[in-house]
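Colleague: Just dropping this structure here.
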Number of protein chains: 2
Amino acid sequence: MQDVARAAGVSTATVSRVLNGRPDVNPELAARVTATVQELGYRPNGVARTLRRRVASVWGLIVSDVESSYFTSLVRGVEAVARANGYSVVVCNSQDDPGTEAAYLEVALAEQMAGVIISPARPDSDISPLLARGVPVVAIDRRLAQGATSAVVVDNVAAARRATLHLLDAGYRRVACVTGPEHVSTAVERLRGYRDALHDRGLEADPALERVENYRVDGGRRAVRELAALPEPPDALLLANGLLTVGALSALHELGIAVPEEMGVVGFDDSPWAEVTRPPLTTVAQPTDALGRAAAELLLRPGAPVVRTLDTDLIVRGSSTR
Amino acid sequence: MQDVARAAGVSTATVSRVLNGRPDVNPELAARVTATVQELGYRPNGVARTLRRRVASVWGLIVSDVESSYFTSLVRGVEAVARANGYSVVVCNSQDDPGTEAAYLEVALAEQMAGVIISPARPDSDISPLLARGVPVVAIDRRLAQGATSAVVVDNVAAARRATLHLLDAGYRRVACVTGPEHVSTAVERLRGYRDALHDRGLEADPALERVENYRVDGGRRAVRELAALPEPPDALLLANGLLTVGALSALHELGIAVPEEMGVVGFDDSPWAEVTRPPLTTVAQPTDALGRAAAELLLRPGAPVVRTLDTDLIVRGSSTR
DNA sequence: GTGAAAGCGCTAACAC
DNA sequence: GTGTTAGCGCTTTCAC
């Protein structure tokens, strides 16, 4: 920067002002500085700028699983808003591991990121160091126990309830629910919606038909194998996330169980793949782009913590009607 | 840091040494400093550290499409090596757009990232500013025109050739190839492998059976619709990436074309979904974890540019044999 | 409108 | 071994 200042015959203060588009600079000087910057191929040092400004123009998006299409779909929405406001987005993969997540939260703090959007690995994930330093944080997909944070979620109870009612109305009698770990709010809420639906229809919940697995492919596989081995196996499945659904379909296929004839299937999270499975898959589609945008908007305008709840869509395809 | 130094009765230099695990500190002092750090809840400022050290302990992974499972699978491999060596990984999504990519390259530079792994949007993506500043860069998946960079790729020609031969050997006569844009090296190489296979079998390449599309779902859909409308439509398809394949399957389904009877299908990029399609999909599986690890290793030990070529696997399922 | 100068928080010579 | 100090590159008062 000194080189530029010297070459342009001005002070570093003026160079800085020009670089930051301040209006109070003599246009002539500004032009000279701009030209010199070009000529010397000068690039501002973002780290020094951040050190001085105490905030970087980067947002962190900490997702619990980059391999899940649900989370990667959020990226687009967040990015759109970020770029429109001069921020860049970097995605960090916590792998649903509290340790890894904590490490990335430290990175966000250390790098003075301007804001963080996070799908927390646990409801008690500790984001207080960020809040203490005034870094805005928004939870996405999952809620955080401490109420000090805004969140953008979907109405999981309603979504699961509707999906379950759809199966019941299609004539399935023993609907099972495969959900995620208890420490994930979506898993708990989706299970609750499932139970609500049974209750709506005057049916009793059968604990044998409720399975808690990890939110991954192998969880879905295991659940189906064990459910199928039951003395009274289910005749329909509600799967609480996308990877779980893939595993379930794979196991059903392997066991030679016909969908939708012998087993109705509805899975959470839509994906381009859902329409090319055999049969096409009925899904609970989440508005990922809107979720990402909403979270980004909350990051831009921090204020009293709010929870924005968006609606899901039940996309009925062949796997849930016989 | 001054607060810590004062409270522990030492200089900031000693605090720094302790924080960085230098061996040349009196254990007693070190213990006192560590305790004080705890007590005061002191957190080092990574930005200041980076400014001074001139390098952050973060790697950038710039992918051309976070929504493609192929790219997100790379993350795990990169992350494993990174964490084992004290680095964090942030993922940036260029969306295959040179402008967005350039912006993220600037971020990498401005944030003084310790290294960058990139799947370049174009062969001539300009990474010279990074190289000029001595930031190690490794290309992954796709090659870069300028030879100054190491790359980790697969043998796309061999993979596509093998996949095509597999279809020919299964009795398909008119195999079509749907590939990506000319500016993506994998697309060009896969097309070449396809042609090589035809040549191997003494068949003439039919330009009508070669389609160049974007590497996305809609590209696959469009290609199939147009290929099916040909006077002499193909009886088999080689799809050069995963999203293309989803689109193709979707269109085949919509047109009521039976796979594998009327149309054999082999797609690049394996995915958990591949085994639950109707019929299960034959794929060219890439060793994503190994690719990520290899790229990370090259970042750790920069040296003369090398190209590491890994092998793919042809996973034969139901979509390619009648 | 422009420049001089302080200082963001840390690390690494260098001196002791 | 430990402390003193300069300085990483920038922004921003403050004085002119």
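As shown in the structure tokens, the chain order sets the letters A, B, ...; within each chain, residues go from 1, and ligands are also counted from 1 in the order they appear.
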What residues in chain B lie within 9 Å of chain C, counting only C-alpha atoms (C1' of nucleotides), written as a CSV table (one decimal) with C-alpha atoms, in the first residue's frame?

Modeller:
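File written: part_27.csv
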chain,number,residue,atom,x,y,z
B,1,MET,CA,-2.6,-11.3,25.5
B,13,ALA,CA,6.5,-13.2,24.3
B,16,SER,CA,3.0,-16.6,22.8
B,17,ARG,CA,5.6,-19.3,23.2
B,44,PRO,CA,-5.9,-16.1,20.6
B,45,ASN,CA,-6.8,-13.8,17.7
B,46,GLY,CA,-6.2,-15.9,14.6
B,47,VAL,CA,-6.3,-12.9,12.3
B,48,ALA,CA,-3.5,-11.1,14.1
B,49,ARG,CA,-1.5,-14.4,14.2
B,50,THR,CA,-2.0,-14.8,10.4
B,51,LEU,CA,-1.0,-11.2,9.8
B,52,ARG,CA,2.2,-11.8,11.6
B,53,ARG,CA,2.9,-15.3,10.3

Colleague: I need the residues in segment 40-248 of chain B that are helix (DSSP H, G or I) according to DSSP; give them as a ChimeraX atom specification.

Modeller: /B:40,46-53,69-84,98-110,128-132,156-169,185-200,207-209,217-228,242-248

Colleague: Produce a file of the selected residues containing C-alpha atoms, as a short mmCIF file (atom, residue, chain, number, x, y, z; two decimals), in the first residue's frame.

Modeller:
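Final output, saved to part-v3.cif:
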data_model
loop_
_atom_site.label_atom_id
_atom_site.label_comp_id
_atom_site.auth_asym_id
_atom_site.auth_seq_id
_atom_site.Cartn_x
_atom_site.Cartn_y
_atom_site.Cartn_z
CA LEU B 40 -9.34 -15.32 31.88
CA GLY B 46 -6.20 -15.86 14.59
CA VAL B 47 -6.29 -12.85 12.32
CA ALA B 48 -3.46 -11.11 14.13
CA ARG B 49 -1.53 -14.35 14.17
CA THR B 50 -2.05 -14.77 10.45
CA LEU B 51 -1.04 -11.20 9.76
CA ARG B 52 2.20 -11.79 11.56
CA ARG B 53 2.91 -15.29 10.31
CA SER B 69 -22.24 -35.69 -4.60
CA TYR B 70 -18.95 -36.32 -6.31
CA PHE B 71 -17.51 -33.07 -5.00
CA THR B 72 -18.95 -33.34 -1.55
CA SER B 73 -17.45 -36.81 -1.25
CA LEU B 74 -14.02 -35.34 -1.82
CA VAL B 75 -14.40 -33.22 1.30
CA ARG B 76 -14.03 -36.11 3.68
CA GLY B 77 -10.68 -37.21 2.29
CA VAL B 78 -9.26 -33.71 2.28
CA GLU B 79 -10.52 -33.07 5.79
CA ALA B 80 -8.96 -36.19 7.23
CA VAL B 81 -5.48 -35.20 6.10
CA ALA B 82 -6.01 -31.55 6.98
CA ARG B 83 -7.06 -32.15 10.55
CA ALA B 84 -4.24 -34.60 11.08
CA PRO B 98 -15.41 -18.18 -13.56
CA GLY B 99 -16.45 -14.96 -11.84
CA THR B 100 -17.49 -16.65 -8.63
CA GLU B 101 -14.41 -18.79 -8.76
CA ALA B 102 -12.19 -15.73 -9.16
CA ALA B 103 -13.90 -14.14 -6.17
CA TYR B 104 -13.11 -17.18 -4.03
CA LEU B 105 -9.53 -17.27 -5.24
CA GLU B 106 -9.29 -13.67 -4.06
CA VAL B 107 -10.74 -14.69 -0.72
CA ALA B 108 -8.14 -17.43 -0.43
CA LEU B 109 -5.44 -14.90 -1.14
CA ALA B 110 -6.87 -12.18 1.07
CA SER B 128 -1.17 -17.26 -10.82
CA PRO B 129 -1.76 -14.68 -8.07
CA LEU B 130 -1.76 -17.52 -5.56
CA LEU B 131 1.34 -19.10 -7.04
CA ALA B 132 3.03 -15.71 -7.12
CA ASN B 156 -11.06 -40.66 -17.60
CA VAL B 157 -10.19 -41.97 -21.03
CA ALA B 158 -9.67 -45.50 -19.74
CA ALA B 159 -12.78 -45.31 -17.57
CA ALA B 160 -15.06 -44.17 -20.38
CA ARG B 161 -13.54 -46.63 -22.77
CA ARG B 162 -14.09 -49.49 -20.41
CA ALA B 163 -17.67 -48.44 -19.73
CA THR B 164 -18.39 -48.20 -23.43
CA LEU B 165 -16.80 -51.57 -24.18
CA HIS B 166 -18.92 -53.01 -21.41
CA LEU B 167 -22.06 -51.78 -23.18
CA LEU B 168 -20.88 -53.03 -26.56
CA ASP B 169 -20.00 -56.39 -25.13
CA SER B 185 -11.23 -31.66 -19.12
CA THR B 186 -13.15 -34.62 -17.73
CA ALA B 187 -15.88 -34.11 -20.33
CA VAL B 188 -13.40 -34.10 -23.19
CA GLU B 189 -11.48 -37.09 -21.90
CA ARG B 190 -14.59 -39.15 -21.31
CA LEU B 191 -15.77 -38.46 -24.82
CA ARG B 192 -12.37 -39.52 -26.11
CA GLY B 193 -12.53 -42.77 -24.18
CA TYR B 194 -15.94 -43.44 -25.65
CA ARG B 195 -14.63 -42.89 -29.17
CA ASP B 196 -11.62 -45.07 -28.47
CA ALA B 197 -13.92 -47.91 -27.50
CA LEU B 198 -15.93 -47.63 -30.70
CA HIS B 199 -12.69 -47.65 -32.63
CA ASP B 200 -11.51 -50.71 -30.73
CA PRO B 207 -21.75 -37.42 -34.44
CA ALA B 208 -25.50 -37.57 -33.85
CA LEU B 209 -24.83 -39.85 -30.90
CA VAL B 217 -29.74 -32.70 -14.34
CA ASP B 218 -31.43 -30.69 -17.05
CA GLY B 219 -28.58 -31.45 -19.43
CA GLY B 220 -29.21 -35.17 -19.09
CA ARG B 221 -32.90 -34.71 -19.59
CA ARG B 222 -32.51 -32.64 -22.72
CA ALA B 223 -29.97 -35.01 -24.23
CA VAL B 224 -32.21 -38.02 -23.82
CA ARG B 225 -35.23 -36.29 -25.28
CA GLU B 226 -33.28 -35.30 -28.35
CA LEU B 227 -31.51 -38.60 -28.74
CA ALA B 228 -34.80 -40.45 -28.48
CA GLY B 242 -23.77 -38.08 -11.94
CA LEU B 243 -26.26 -35.26 -12.32
CA LEU B 244 -26.44 -35.86 -16.06
CA THR B 245 -27.31 -39.45 -15.26
CA VAL B 246 -30.19 -38.52 -12.98
CA GLY B 247 -31.64 -36.32 -15.67
CA ALA B 248 -31.25 -39.02 -18.27
#

Colleague: May I have all residues of segment 43-286 of chain A that DSSP, computed from the backbone, assigns to strand (DSSP E), given as number ranges by chain?

Modeller: A: 58-63, 88-93, 115-118, 137-140, 150-154, 175-179, 210-212, 236-239, 264-268, 282-285

Colleague: Near chain B, meaning an atom within 9 Å, which residues of chain D appear when counting only C-alpha atoms (C1' of nucleotides)? Write them as a list in words.

Modeller: DG1, DT2, DG3, DG7, DC8 and DG9 of chain D

Colleague: Near Gly9 of chain A, counting only C-alpha atoms (C1' of nucleotides), which residues have an atom at most 9 Å away, once you skip same-chain residues fewer than 5 positions from it, shown as a ChimeraX atom specification?

Modeller: /A:4,29,32-33

Colleague: With a distance cut-off of 12 Å and only C-alpha atoms (C1' of nucleotides), select the neighbouring residues of Ala35 of chain B, excluding the residue or stretch itself and same-chain residues fewer than 2 positions from it, and output the selection as an MDAnalysis selection string.

Modeller: chainID B and resid 4:5 7:8 15 18:19 28:33 37:42

Colleague: Could those selected residues go to a file with C-alpha atoms, as a short mmCIF file (atom, residue, chain, number, x, y, z; two decimals), in the first residue's frame?

Modeller:
data_model
loop_
_atom_site.label_atom_id
_atom_site.label_comp_id
_atom_site.auth_asym_id
_atom_site.auth_seq_id
_atom_site.Cartn_x
_atom_site.Cartn_y
_atom_site.Cartn_z
CA VAL B 4 -2.65 -12.76 30.36
CA ALA B 5 1.00 -11.73 30.48
CA ALA B 7 -1.79 -11.66 35.29
CA ALA B 8 0.75 -14.46 34.93
CA VAL B 15 2.59 -16.23 26.55
CA VAL B 18 3.43 -21.24 25.58
CA LEU B 19 0.44 -20.89 23.31
CA GLU B 28 6.55 -23.79 35.81
CA LEU B 29 5.94 -20.61 33.88
CA ALA B 30 4.17 -22.54 31.16
CA ALA B 31 1.78 -24.00 33.71
CA ARG B 32 1.11 -20.56 35.15
CA VAL B 33 0.39 -19.15 31.73
CA VAL B 37 -5.36 -18.37 29.90
CA GLN B 38 -8.04 -20.70 31.21
CA GLU B 39 -8.97 -18.41 34.00
CA LEU B 40 -9.34 -15.32 31.88
CA GLY B 41 -11.01 -17.25 29.07
CA TYR B 42 -8.45 -15.83 26.69
#
